[in-house]
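To start, the structure itself, in structure tokens.
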Amino acid sequence: MIGGLFIYNHKGEVLISRVYRDDIGCARRSPTSRATSFFHVKRSNVWLAAVTKQNVNAAMVFEFLYKMCDVMAAYFGKISEENIKNNFVLIYELLDEILDFGYPQNSETGALKTFITQQGVKGQTKEEQSQITSQVTGQIGWRREGIKYRRNELFLDVLESVNLLMSPQGQVLSAHVSGRVVMKSYLSGMPECKFGMNDKIVIDKQGKGGTTTTDEAGKSKFDSERSISFIPPDGEYELMRSVGRTKLEVKVVIKSNFKPSLLAQKIEVRIPTPLNTSGVQVICMKGKAKYKASENAIVWKYVIELLPTNDKKKWARPPISMNFEVPFAPSGLKVRYLKVFESKLNYSDHDVIKWVRYIGRSGIYETRC
């Protein structure tokens, strides 16, 4: 069965080493003999490796490794190099209970916790550490105290790119607008900004197009009030990004190199679609076409007489491209208001000079010939 279990970090250093059989041969706690099989899985920045020289069931070894990951996660949370080092005593106790001479035993978390009652040491993430620091000291990690300017100014740029791909017949094959909101902040003290916009875009929750805000921006009231409250960093930074929905149009034409007397049977054409496809409109001249969401494809079945074609190569005309810049947001996004609040230095929103600029540019804007 399993000859040894090892946990490595991303540098190849051994963090945990438990040898159950002497046939694998080890030097510096790492197996070195030939004809050795390695089974490994990766979690975060560490690798769990099971080693054996026997002809074992590979699926069972991988099942054990995944189960071992679940057990460690149940005891001390995220599997990382820091948590492995902080809980190495606990991990050795778990290995003694789970593996006996290389044979997996009881690996159920509930049963193990009745024998091993030790609580794991859970390492804090950077977000948790930043939140604790903010609660204790009242400081904001991305903005220092004591910033002062003679004149408080705030610049907001709405930058968007229009991407278009058009067929020679004038049909739009693909079209979407991607953009970002860039802010330059020259404000004194520790101000709080409130940024409001119209309802042209929504916060993306499923990865199918929408808006993604940065960590500093609050998302809780966006859906109801169409506003974001945040404490801005000093200087220039990206407040949010937006990606418009994409429409993709595909035209399929089939030609044949066979003789006109031949008749094809049971023809099936499968047209793959993107994974985030929400709807399909199919128009076919012959046969039947149907969109199958489970297969992420459009299946077109028909019986048709195949026509001959010649093989003369023609010059592939490159697409015609165009560049432009317009003083508005092509997506229709508009800033309704931009307010600044600062209670300690006692300056109001009216004392801040605010600038809002819209720039729409061409991205990949092409027409096929």
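Letters for chains follow the order of the structure tokens (A, B, ...), residue numbers begin at 1 for each chain, and ligand numbers begin at 1 in the order shown.
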Each residue of stretch 150-176 of chain A with at least one atom at most 8 Å from stretch 317-338 of chain A should appear once, together with its nearest atom pair and the corresponding distance in Å (one decimal); atoms considered: only C-alpha atoms; ordering: chain, then increasing residue number; output as a tab-separated table.
```
residue	atom	partner	partner_atom	distance
A:Val158	CA	A:Ala329	CA	7.0
A:Leu159	CA	A:Ala329	CA	7.3
A:Glu160	CA	A:Ala329	CA	6.3
A:Val162	CA	A:Pro330	CA	7.3
```
With N, CA and C atoms retained, could you export that selection as a PDB file, in the first residue's frame?
```
ATOM      1  N   VAL A 158     -14.345  58.350 -16.731  1.00  0.00           N
ATOM      2  CA  VAL A 158     -15.081  57.179 -17.191  1.00  0.00           C
ATOM      3  C   VAL A 158     -14.517  56.807 -18.563  1.00  0.00           C
ATOM      4  N   LEU A 159     -13.745  55.728 -18.629  1.00  0.00           N
ATOM      5  CA  LEU A 159     -13.050  55.309 -19.844  1.00  0.00           C
ATOM      6  C   LEU A 159     -13.683  54.029 -20.364  1.00  0.00           C
ATOM      7  N   GLU A 160     -14.136  54.051 -21.611  1.00  0.00           N
ATOM      8  CA  GLU A 160     -14.780  52.872 -22.204  1.00  0.00           C
ATOM      9  C   GLU A 160     -14.216  52.586 -23.589  1.00  0.00           C
ATOM     10  N   VAL A 162     -15.082  50.421 -27.197  1.00  0.00           N
ATOM     11  CA  VAL A 162     -16.111  49.764 -27.994  1.00  0.00           C
ATOM     12  C   VAL A 162     -15.442  48.720 -28.876  1.00  0.00           C
TER      13      VAL A 162
END
```
Using only C-alpha atoms, which protein or nucleic acid residues come within 12 Å of A:Val181? Drop anything in the same chain fewer than 5 positions from it, and give the result as a PyMOL selection string. chain A and resi 155-161+195+197+211-214+217+236-243+329+333-335+356-360
Selection export as a CSV table (one decimal), in the first residue's frame, atoms kept: C-alpha atoms:
```csv
chain,number,residue,atom,x,y,z
A,155,PHE,CA,-10.9,63.8,-10.8
A,156,LEU,CA,-13.2,61.1,-12.1
A,157,ASP,CA,-12.6,59.6,-15.6
A,158,VAL,CA,-15.1,57.2,-17.2
A,159,LEU,CA,-13.1,55.3,-19.8
A,160,GLU,CA,-14.8,52.9,-22.2
A,161,SER,CA,-13.7,50.8,-25.2
A,195,PHE,CA,-20.4,57.8,-6.0
A,197,MET,CA,-24.6,56.5,-11.2
A,211,THR,CA,-19.3,45.7,-13.0
A,212,THR,CA,-16.6,44.7,-10.5
A,213,THR,CA,-15.6,47.2,-7.9
A,214,THR,CA,-12.2,47.4,-6.1
A,217,ALA,CA,-15.5,50.3,-2.6
A,236,GLU,CA,-4.6,57.8,-8.8
A,237,TYR,CA,-6.4,54.4,-8.6
A,238,GLU,CA,-9.0,52.3,-10.4
A,239,LEU,CA,-12.4,52.4,-8.7
A,240,MET,CA,-14.3,49.9,-10.8
A,241,ARG,CA,-14.3,47.9,-14.1
A,242,SER,CA,-17.3,47.1,-16.3
A,243,VAL,CA,-17.8,44.6,-19.1
A,329,ALA,CA,-19.7,56.8,-22.5
A,333,LEU,CA,-23.2,55.2,-18.0
A,334,LYS,CA,-23.6,58.6,-16.3
A,335,VAL,CA,-22.4,59.9,-13.0
A,356,VAL,CA,-15.9,64.3,-14.3
A,357,ARG,CA,-14.8,63.3,-17.8
A,358,TYR,CA,-16.2,60.8,-20.2
A,359,ILE,CA,-14.0,59.2,-22.9
A,360,GLY,CA,-15.1,56.5,-25.3
```
- Return as number ranges by chain the full set of residues in stretch 31-130 of chain A whose backbone-based DSSP assignment is alpha helix (DSSP H). A: 58-76, 81-86, 88-98, 109-115, 126-130
Polymer residues at most 12 Å from stretch 34-51 of chain A, only C-alpha atoms, same-chain spacing of 5 or more positions, as a ChimeraX atom specification: /A:1-26,56-70,72-73,77-85,99,102-104
Counting only C-alpha atoms, closest pick from A:Pro232, A:Gly170, A:Gly120, A:Pro260 relative to A:Lys194 is A:Pro232
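The two atoms in question, atom CA of A:Gly179 and atom CA of A:Tyr365, are spaced 15.0 Å apart.
The list of residues with at least one atom within 10 Å of stretch 339-342 of chain A, based on only C-alpha atoms and without residues fewer than 6 positions apart in the same chain, reads Leu154, Leu187, Ser188, Gly189, Met190, Pro191, Glu192, Cys193, Lys194, Phe195, Gly196, Ser229, Phe230, Ile231, Ser348, Asp349, His350, Asp351, Val352 and Lys354 of chain A.
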